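Here is the structure we will look at.
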Amino acid sequence: RRDLNRPVLHATRILDLATARYPVSEGLVDLVGMTRAHSADPWIVDKLRNGEEKRIRHCVGAGYCIDRIYGEGEMVCIQNVSTGRENEIPQHIEPAENPGLCVVVVGGGPAGLEAARVSAERGHRVILFEAAGALGGQVLLAARAEVRRDILGIVSWLESEIHELAVDVRWNTLADTETVLTENPDVVIIATGGLPDTQLVPGAEVALSSWDALSGAALGGRVLVYDDHGQHQGASTVDQLSGGDIEVELVTPDRHACAEMGSSNFPMYMRRFQQRNVSITTAFRLRHVESDSDRIRAVFENEFGGGQFIERLVDHLIIEHGTIPNDSLYQELRKGAINEGVTDYEALLSGRAQPLGGGMSLFRVGDAVASRNIHAALLDSRRLCQYL
């Protein structure tokens with residue numbers, strides 16, 4: 001700008017207004033572009049004008065939007081599921097025609113927080129049961145990896161919003177059937193998430209999960225991460241463990257590492273793996289695990305046939321294979337629900353309300369249904385609750 005004597009616009013990862021103000025106020029640029037920031041929250045300007053800057057949903061720089069453009073040909077946001085779907089999921093949540101339902105949400109991860117937020121925006125009385133002393137669920141765990149720490153912003157905004165909307169949060173409450181039914185709810189939404197699915201082959205009970213690794217399990221020596229998922233979970237675990245005294249190998253049945261990851265994130269991981277001397281073995285599927293003295297022996301078979309096997313003797317084996325639903329409470333509540341816990345998917349996908357009335361209706365969202373990512377968990381809850 002100093003040398004060109006022309007108006008200069010800067011538009012690279014400006015995620016919030018504080019960052020945007022600085023280069024303009026310092027005379028470094030004339031204008032700041034905030035493309036992804038407006039995808040996360042198209043009401044930035046209105047909220048600023050109305051004195052609601054603290055309610056702006058900030059972009060967390062996950063790159064999910066870019067990955068989906070190149071992968072699926074659609075521009076959607078990891079945390080604002082309305083973006084790119086405005087015809088089916090409006091950015092604005094309309095008040096309910098008959099507000100005042102008692103909505104009980106069990107679980108304070110992304111799916112539960114979004115269910116609570118949208119239901120409260122609709123004008124319902126919302127009670128959220130959270131087993132821990134902090135909201136965020138698996139996001140809190142995922143953010144322990146250095147490369148994913150910014151995703152905490154997703155939880156921060158949702159938590160701030162449910163506070164603004166006066167959601168009744170019951171902390172440190174492991175809800176059971178009696179806990180839920182005591183509230184005499186009209187709607188119960190189970191968002192209890194999932195648990196690591198590591199028992200995929202004989203002997204795998206001696207393995208750890210990516211949750212264990214990110215939670216701070218004491219690891220050392222030679223560590224093998226078997227990633228049958230291909231997304232951030234396994235890759236961020238490898239990244240977090242590598243770069244120090246631990247010798248890390250990534251083994252995957254896919255033809256390359258991080259196979260399910262988009263182009264905005266994949267190169268970053270591969271560069272860091274190279275810098276941190278991570279060993280990568282592709283196209284081998286885990287078949288058997290066994291203890292060998294104080295170590296673990298893992299046997300792999302070539303994914304493309306030929307009867308080729310390899311073995312690894314390691315100090316620790318970490319398996320990333322997604323999650324299985326933690327749905328015991330949902331199953332217990334089904335017999336007392338008027339819909340038997342069944343979601344009307346035709347209504348859900350066509351933008352109509354779920355049939356309610358005459359008793360308690362029961363639904364489940366997020367990983368309590370099946371293993372999925374943050375965006376999908378939020379989408380579950382938004383589609384379900386926007387017409388409650």
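Here, A, B, ... name the chains of the structure tokens in the order displayed, residue numbers run from 1 inside each chain, and ligands are numbered from 1 in the same displayed order.
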With a distance cut-off of 9 Å and only C-alpha atoms, select the neighbouring residues of Val126 in chain A, excluding the residue or stretch itself and same-chain residues fewer than 6 positions from it, and output the selection as a list in words.
Leu101, Cys102, Val103, Val104, Val105, Ala116, Arg117, Ser119, Ala120, Ala166, Val167, Asp168 and Val169 of chain A
Write out as a PyMOL selection string all residues of range 7-241 of chain A that backbone DSSP assigns to strand (DSSP E or B).
chain A and resi 9-10+31-32+102-106+125-129+168-170+187-190+194-196+208-209+222-227
Near-Asp239 in chain A list (10 Å; only C-alpha atoms; drop same-chain fewer than 6 positions) as number ranges by chain:
A: 145-147, 248, 269-270, 272-273, 276, 278
Create the file for the chosen residues now, containing all heavy atoms and written as a PDB file, in the first residue's frame.
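Writing the result to selection_38.pdb gives the following:
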```
ATOM      1  N   ALA A 145      -4.926 -31.884  20.476  1.00  0.00           N
ATOM      2  CA  ALA A 145      -3.900 -31.954  19.435  1.00  0.00           C
ATOM      3  C   ALA A 145      -3.600 -30.537  18.974  1.00  0.00           C
ATOM      4  O   ALA A 145      -4.509 -29.770  18.655  1.00  0.00           O
ATOM      5  CB  ALA A 145      -4.383 -32.809  18.267  1.00  0.00           C
ATOM      6  N   GLU A 146      -2.336 -30.188  18.939  1.00  0.00           N
ATOM      7  CA  GLU A 146      -1.922 -28.818  18.622  1.00  0.00           C
ATOM      8  C   GLU A 146      -2.532 -28.316  17.316  1.00  0.00           C
ATOM      9  O   GLU A 146      -2.973 -27.169  17.223  1.00  0.00           O
ATOM     10  CB  GLU A 146      -0.390 -28.764  18.540  1.00  0.00           C
ATOM     11  CG  GLU A 146       0.169 -27.413  18.146  1.00  0.00           C
ATOM     12  CD  GLU A 146       1.662 -27.468  17.886  1.00  0.00           C
ATOM     13  OE1 GLU A 146       2.267 -28.537  18.122  1.00  0.00           O
ATOM     14  OE2 GLU A 146       2.226 -26.453  17.444  1.00  0.00           O
ATOM     15  N   VAL A 147      -2.574 -29.180  16.313  1.00  0.00           N
ATOM     16  CA  VAL A 147      -3.029 -28.740  14.995  1.00  0.00           C
ATOM     17  C   VAL A 147      -4.536 -28.480  14.945  1.00  0.00           C
ATOM     18  O   VAL A 147      -5.024 -27.912  13.977  1.00  0.00           O
ATOM     19  CB  VAL A 147      -2.654 -29.771  13.908  1.00  0.00           C
ATOM     20  CG1 VAL A 147      -1.160 -29.816  13.710  1.00  0.00           C
ATOM     21  CG2 VAL A 147      -3.206 -31.152  14.246  1.00  0.00           C
ATOM     22  N   VAL A 248       7.230 -43.095  15.880  1.00  0.00           N
ATOM     23  CA  VAL A 248       5.833 -43.267  15.482  1.00  0.00           C
ATOM     24  C   VAL A 248       5.741 -43.799  14.056  1.00  0.00           C
ATOM     25  O   VAL A 248       6.395 -43.286  13.140  1.00  0.00           O
ATOM     26  CB  VAL A 248       5.048 -41.943  15.581  1.00  0.00           C
ATOM     27  CG1 VAL A 248       3.582 -42.163  15.206  1.00  0.00           C
ATOM     28  CG2 VAL A 248       5.159 -41.355  16.992  1.00  0.00           C
ATOM     29  N   TYR A 269      -0.728 -32.071   7.118  1.00  0.00           N
ATOM     30  CA  TYR A 269      -0.347 -33.255   7.879  1.00  0.00           C
ATOM     31  C   TYR A 269       0.852 -33.957   7.248  1.00  0.00           C
ATOM     32  O   TYR A 269       1.790 -34.358   7.959  1.00  0.00           O
ATOM     33  CB  TYR A 269      -1.511 -34.231   7.970  1.00  0.00           C
ATOM     34  CG  TYR A 269      -2.535 -33.872   9.014  1.00  0.00           C
ATOM     35  CD1 TYR A 269      -3.813 -33.455   8.653  1.00  0.00           C
ATOM     36  CD2 TYR A 269      -2.240 -33.960  10.373  1.00  0.00           C
ATOM     37  CE1 TYR A 269      -4.764 -33.129   9.625  1.00  0.00           C
ATOM     38  CE2 TYR A 269      -3.171 -33.643  11.340  1.00  0.00           C
ATOM     39  CZ  TYR A 269      -4.434 -33.224  10.960  1.00  0.00           C
ATOM     40  OH  TYR A 269      -5.363 -32.913  11.906  1.00  0.00           O
ATOM     41  N   MET A 270       0.841 -34.117   5.943  1.00  0.00           N
ATOM     42  CA  MET A 270       1.926 -34.836   5.288  1.00  0.00           C
ATOM     43  C   MET A 270       3.253 -34.097   5.452  1.00  0.00           C
ATOM     44  O   MET A 270       4.309 -34.721   5.630  1.00  0.00           O
ATOM     45  CB  MET A 270       1.598 -35.037   3.803  1.00  0.00           C
ATOM     46  CG  MET A 270       0.349 -35.871   3.562  1.00  0.00           C
ATOM     47  SD  MET A 270       0.342 -37.456   4.468  1.00  0.00           S
ATOM     48  CE  MET A 270       1.736 -38.287   3.725  1.00  0.00           C
ATOM     49  N   ARG A 272       4.061 -32.157   7.995  1.00  0.00           N
ATOM     50  CA  ARG A 272       4.477 -32.335   9.379  1.00  0.00           C
ATOM     51  C   ARG A 272       4.971 -33.762   9.644  1.00  0.00           C
ATOM     52  O   ARG A 272       5.929 -33.967  10.391  1.00  0.00           O
ATOM     53  CB  ARG A 272       3.326 -31.963  10.321  1.00  0.00           C
ATOM     54  CG  ARG A 272       3.030 -30.473  10.328  1.00  0.00           C
ATOM     55  CD  ARG A 272       1.800 -30.142  11.160  1.00  0.00           C
ATOM     56  NE  ARG A 272       2.002 -30.380  12.582  1.00  0.00           N
ATOM     57  CZ  ARG A 272       2.463 -29.460  13.439  1.00  0.00           C
ATOM     58  NH1 ARG A 272       2.799 -28.256  13.012  1.00  0.00           N
ATOM     59  NH2 ARG A 272       2.590 -29.750  14.721  1.00  0.00           N
ATOM     60  N   PHE A 273       4.331 -34.751   9.028  1.00  0.00           N
ATOM     61  CA  PHE A 273       4.814 -36.127   9.175  1.00  0.00           C
ATOM     62  C   PHE A 273       6.248 -36.251   8.655  1.00  0.00           C
ATOM     63  O   PHE A 273       7.091 -36.931   9.255  1.00  0.00           O
ATOM     64  CB  PHE A 273       3.918 -37.099   8.417  1.00  0.00           C
ATOM     65  CG  PHE A 273       2.533 -37.263   8.992  1.00  0.00           C
ATOM     66  CD1 PHE A 273       1.567 -37.975   8.294  1.00  0.00           C
ATOM     67  CD2 PHE A 273       2.190 -36.713  10.214  1.00  0.00           C
ATOM     68  CE1 PHE A 273       0.289 -38.148   8.820  1.00  0.00           C
ATOM     69  CE2 PHE A 273       0.923 -36.859  10.744  1.00  0.00           C
ATOM     70  CZ  PHE A 273      -0.036 -37.584  10.040  1.00  0.00           C
ATOM     71  N   ARG A 276       8.671 -34.625  11.040  1.00  0.00           N
ATOM     72  CA  ARG A 276       8.765 -35.296  12.329  1.00  0.00           C
ATOM     73  C   ARG A 276       9.186 -36.762  12.202  1.00  0.00           C
ATOM     74  O   ARG A 276       9.097 -37.517  13.174  1.00  0.00           O
ATOM     75  CB  ARG A 276       7.411 -35.192  13.047  1.00  0.00           C
ATOM     76  CG  ARG A 276       7.082 -33.767  13.468  1.00  0.00           C
ATOM     77  CD  ARG A 276       5.610 -33.587  13.795  1.00  0.00           C
ATOM     78  NE  ARG A 276       5.374 -32.261  14.341  1.00  0.00           N
ATOM     79  CZ  ARG A 276       5.031 -31.994  15.605  1.00  0.00           C
ATOM     80  NH1 ARG A 276       4.860 -32.994  16.449  1.00  0.00           N
ATOM     81  NH2 ARG A 276       4.857 -30.769  16.011  1.00  0.00           N
ATOM     82  N   VAL A 278       7.886 -39.358  10.741  1.00  0.00           N
ATOM     83  CA  VAL A 278       6.857 -40.384  10.903  1.00  0.00           C
ATOM     84  C   VAL A 278       6.999 -41.405   9.779  1.00  0.00           C
ATOM     85  O   VAL A 278       7.068 -41.043   8.601  1.00  0.00           O
ATOM     86  CB  VAL A 278       5.452 -39.765  10.884  1.00  0.00           C
ATOM     87  CG1 VAL A 278       4.373 -40.854  10.875  1.00  0.00           C
ATOM     88  CG2 VAL A 278       5.257 -38.840  12.087  1.00  0.00           C
TER      89      VAL A 278
END
```
Residue set, range 117-222 of chain A restricted to helix (DSSP H, G or I), as a PyMOL selection string:
chain A and resi 117-121+138-142+146-164+177-181+204-206+210-214
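If you look at CA of Ile296 in chain A and CA of Gln274 in chain A, they are 25.5 Å away from each other.
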Mind giving me the straight-line distance from CA of Arg68 in chain A to CA of Gly84 in chain A in Å, one decimal?
11.0 Å
Please provide as number ranges by chain all residues within 8 Å of Ile189 in chain A, with the sequence filter that same-chain residues fewer than 5 positions apart are discarded (counting only C-alpha atoms).
A: 103-106, 112, 115, 362-365
Rank nothing, just name the residue among A:His124, A:Ala218, A:His10, A:Val187 nearest to Gly357 in chain A, using only C-alpha atoms.
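Smallest separation from Gly357 in chain A among the options: A:Val187.
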As an exercise, work out the distance from CA of Glu114 in chain A to CA of Glu164 in chain A in Å and give it to one decimal place.
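CA of Glu164 in chain A lies 13.5 Å from CA of Glu114 in chain A.
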Skip Leu195 in chain A itself and residues of its chain fewer than 6 positions away, then list as a compact mmCIF listing (two decimals) with all heavy atoms, in the first residue's frame all residues within 7 Å of it, counting only C-alpha atoms.
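Output file result-v5.txt follows:
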```txt
# COMPACT_ATOMS: atom_id res chain seq x y z
N THR A 323 -16.20 -44.52 16.09
CA THR A 323 -16.89 -44.78 17.35
C THR A 323 -18.11 -45.67 17.15
O THR A 323 -18.62 -45.81 16.03
CB THR A 323 -17.36 -43.47 18.01
OG1 THR A 323 -18.30 -42.80 17.14
CG2 THR A 323 -16.19 -42.54 18.29
N ILE A 324 -18.56 -46.25 18.25
CA ILE A 324 -19.83 -46.97 18.26
C ILE A 324 -20.77 -46.21 19.20
O ILE A 324 -20.33 -45.60 20.18
CB ILE A 324 -19.65 -48.43 18.72
CG1 ILE A 324 -18.92 -48.50 20.07
CG2 ILE A 324 -18.91 -49.23 17.68
CD1 ILE A 324 -18.80 -49.90 20.62
N PRO A 325 -22.07 -46.20 18.91
CA PRO A 325 -22.99 -45.37 19.70
C PRO A 325 -23.01 -45.72 21.19
O PRO A 325 -23.07 -46.89 21.56
CB PRO A 325 -24.35 -45.66 19.05
CG PRO A 325 -24.04 -46.09 17.66
CD PRO A 325 -22.75 -46.85 17.78
N ASN A 326 -22.96 -44.70 21.99
CA ASN A 326 -23.15 -44.83 23.43
C ASN A 326 -24.64 -44.57 23.69
O ASN A 326 -25.03 -43.50 24.13
CB ASN A 326 -22.27 -43.81 24.16
CG ASN A 326 -22.45 -43.86 25.67
OD1 ASN A 326 -22.84 -44.89 26.22
ND2 ASN A 326 -22.19 -42.75 26.34
```
